[in-house]
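Down below is the structure, laid out as structure tokens.
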Amino acid sequence: MANPDRPCPHENHEAWVNVIRLTASDTDPTPVGFTAEIRVNCADCQEPFRWTGVQAGLSPRGPMCSVDETELRAPLRPASSDPDFGMGLPGFAVQYREGRP
């Protein structure tokens, strides 16, 4: 049990992984990509952990995170698939700028 008078040492953790299967369309169940959504919390105080060094967005080329940095979005593929599996999928990136350009 966490002591409310002292900062939590974050010694115990919970992780959730949701694997998303992306299909060609609503009517075509052919898989065209997969992505894993990963979240981590402290099991004692429930504080979410944030992913560092990862740009916000979604990409088939590499890991990115949610805007609040609490969810890692990592593309993945079956080991038996071609290395370019899923590379034709669209993505997006979120950029932060100070003030107006």
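Lettering and numbering for the structure tokens are positional, with chains as A, B, ... in the shown order, residues counted from 1 in each chain, and ligands counted from 1 in the shown order.
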Report the residues of chain A whose backbone DSSP state falls under strand (DSSP E), written as a PyMOL selection string.
-> chain A and resi 13-23+31-42+56-58+64-65+72-76+92-94
Would you put the residues from that selection into a file with N, CA, C and O atoms, as a short mmCIF file (atom, residue, chain, number, x, y, z; two decimals), in the first residue's frame?
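Produced file out-v3.cif, reproduced below:
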data_model
loop_
_atom_site.label_atom_id
_atom_site.label_comp_id
_atom_site.auth_asym_id
_atom_site.auth_seq_id
_atom_site.Cartn_x
_atom_site.Cartn_y
_atom_site.Cartn_z
N HIS A 13 4.83 -2.86 -11.20
CA HIS A 13 4.30 -2.30 -12.44
C HIS A 13 3.23 -3.20 -13.05
O HIS A 13 3.21 -4.40 -12.82
N GLU A 14 2.36 -2.58 -13.83
CA GLU A 14 1.35 -3.28 -14.63
C GLU A 14 1.55 -2.83 -16.07
O GLU A 14 1.81 -1.66 -16.33
N ALA A 15 1.44 -3.76 -16.99
CA ALA A 15 1.56 -3.42 -18.40
C ALA A 15 0.39 -4.02 -19.16
O ALA A 15 -0.05 -5.13 -18.85
N TRP A 16 -0.12 -3.28 -20.12
CA TRP A 16 -1.20 -3.74 -20.99
C TRP A 16 -0.71 -3.66 -22.42
O TRP A 16 -0.17 -2.64 -22.85
N VAL A 17 -0.92 -4.72 -23.15
CA VAL A 17 -0.56 -4.76 -24.57
C VAL A 17 -1.80 -5.15 -25.36
O VAL A 17 -2.44 -6.15 -25.06
N ASN A 18 -2.13 -4.35 -26.34
CA ASN A 18 -3.25 -4.63 -27.23
C ASN A 18 -2.69 -4.72 -28.64
O ASN A 18 -2.12 -3.75 -29.13
N VAL A 19 -2.82 -5.88 -29.28
CA VAL A 19 -2.33 -6.03 -30.65
C VAL A 19 -3.49 -5.79 -31.61
O VAL A 19 -4.54 -6.41 -31.50
N ILE A 20 -3.30 -4.83 -32.51
CA ILE A 20 -4.30 -4.45 -33.49
C ILE A 20 -3.99 -5.13 -34.82
O ILE A 20 -2.86 -5.04 -35.31
N ARG A 21 -4.96 -5.79 -35.37
CA ARG A 21 -4.82 -6.44 -36.69
C ARG A 21 -5.49 -5.53 -37.70
O ARG A 21 -6.69 -5.30 -37.66
N LEU A 22 -4.71 -4.97 -38.61
CA LEU A 22 -5.22 -4.06 -39.63
C LEU A 22 -5.55 -4.86 -40.88
O LEU A 22 -4.71 -5.61 -41.38
N THR A 23 -6.77 -4.71 -41.39
CA THR A 23 -7.20 -5.46 -42.57
C THR A 23 -7.33 -4.55 -43.79
O THR A 23 -7.40 -3.33 -43.66
N PRO A 31 -5.00 -9.47 -43.70
CA PRO A 31 -4.20 -8.57 -42.85
C PRO A 31 -3.16 -7.81 -43.68
O PRO A 31 -2.47 -8.40 -44.51
N VAL A 32 -3.10 -6.50 -43.46
CA VAL A 32 -2.12 -5.66 -44.15
C VAL A 32 -1.13 -5.04 -43.17
O VAL A 32 -0.20 -4.35 -43.57
N GLY A 33 -1.32 -5.28 -41.90
CA GLY A 33 -0.41 -4.76 -40.89
C GLY A 33 -0.88 -5.10 -39.49
O GLY A 33 -2.04 -5.51 -39.28
N PHE A 34 0.02 -4.94 -38.55
CA PHE A 34 -0.27 -5.14 -37.13
C PHE A 34 0.42 -4.03 -36.36
O PHE A 34 1.47 -3.53 -36.77
N THR A 35 -0.15 -3.65 -35.24
CA THR A 35 0.52 -2.70 -34.35
C THR A 35 0.21 -3.10 -32.92
O THR A 35 -0.85 -3.65 -32.63
N ALA A 36 1.15 -2.85 -32.03
CA ALA A 36 0.95 -3.12 -30.61
C ALA A 36 0.82 -1.80 -29.87
O ALA A 36 1.63 -0.89 -30.07
N GLU A 37 -0.21 -1.70 -29.06
CA GLU A 37 -0.40 -0.53 -28.20
C GLU A 37 -0.02 -0.96 -26.78
O GLU A 37 -0.59 -1.92 -26.26
N ILE A 38 0.95 -0.27 -26.19
CA ILE A 38 1.51 -0.69 -24.90
C ILE A 38 1.39 0.45 -23.88
O ILE A 38 1.81 1.57 -24.16
N ARG A 39 0.82 0.13 -22.72
CA ARG A 39 0.71 1.08 -21.61
C ARG A 39 1.32 0.46 -20.36
O ARG A 39 1.21 -0.75 -20.15
N VAL A 40 1.95 1.30 -19.51
CA VAL A 40 2.54 0.84 -18.26
C VAL A 40 2.13 1.78 -17.14
O VAL A 40 2.18 3.01 -17.30
N ASN A 41 1.68 1.21 -16.02
CA ASN A 41 1.32 1.98 -14.83
C ASN A 41 2.08 1.43 -13.63
O ASN A 41 2.47 0.26 -13.62
N CYS A 42 2.24 2.25 -12.60
CA CYS A 42 2.72 1.76 -11.31
C CYS A 42 1.56 0.96 -10.70
O CYS A 42 0.43 1.46 -10.62
N ALA A 56 5.21 11.75 -31.13
CA ALA A 56 3.78 11.46 -31.08
C ALA A 56 3.24 11.23 -32.48
O ALA A 56 3.59 11.94 -33.42
N GLY A 57 2.40 10.23 -32.63
CA GLY A 57 1.78 9.92 -33.91
C GLY A 57 1.59 8.43 -34.10
O GLY A 57 1.49 7.67 -33.14
N LEU A 58 1.57 8.01 -35.36
CA LEU A 58 1.40 6.60 -35.72
C LEU A 58 2.12 6.38 -37.04
O LEU A 58 1.95 7.15 -37.98
N MET A 64 5.97 4.99 -32.27
CA MET A 64 5.59 6.36 -31.94
C MET A 64 4.72 6.27 -30.69
O MET A 64 4.39 5.17 -30.24
N CYS A 65 4.33 7.40 -30.13
CA CYS A 65 3.52 7.37 -28.92
C CYS A 65 2.29 8.26 -29.06
O CYS A 65 2.19 9.06 -29.99
N LEU A 72 2.64 3.54 -26.13
CA LEU A 72 3.58 3.30 -27.22
C LEU A 72 2.82 2.57 -28.32
O LEU A 72 2.09 1.62 -28.06
N ARG A 73 2.97 3.04 -29.55
CA ARG A 73 2.33 2.42 -30.71
C ARG A 73 3.45 1.88 -31.59
O ARG A 73 4.14 2.64 -32.27
N ALA A 74 3.62 0.57 -31.58
CA ALA A 74 4.75 -0.05 -32.26
C ALA A 74 4.28 -1.00 -33.35
O ALA A 74 3.55 -1.95 -33.07
N PRO A 75 4.69 -0.75 -34.60
CA PRO A 75 4.31 -1.67 -35.67
C PRO A 75 5.06 -3.00 -35.48
O PRO A 75 6.18 -3.02 -34.99
N LEU A 76 4.42 -4.08 -35.88
CA LEU A 76 5.07 -5.37 -35.83
C LEU A 76 4.54 -6.25 -36.94
O LEU A 76 3.53 -5.91 -37.58
N PHE A 92 0.75 9.32 -39.27
CA PHE A 92 0.71 10.75 -39.00
C PHE A 92 1.68 11.06 -37.88
O PHE A 92 2.07 10.19 -37.12
N ALA A 93 2.10 12.31 -37.79
CA ALA A 93 2.98 12.77 -36.73
C ALA A 93 2.43 14.06 -36.15
O ALA A 93 1.86 14.88 -36.87
N VAL A 94 2.61 14.23 -34.86
CA VAL A 94 2.19 15.45 -34.16
C VAL A 94 3.43 16.23 -33.80
O VAL A 94 4.37 15.68 -33.21
#
Give the answer as one residue: which of A:Thr30, A:Arg77, A:Asp82, A:Glu47 has the shortest atom-to-atom distance to Gly62 in chain A, using only C-alpha atoms?
->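 Going through A:Thr30, A:Arg77, A:Asp82, A:Glu47 one by one, the smallest distance to Gly62 in chain A is for A:Arg77.
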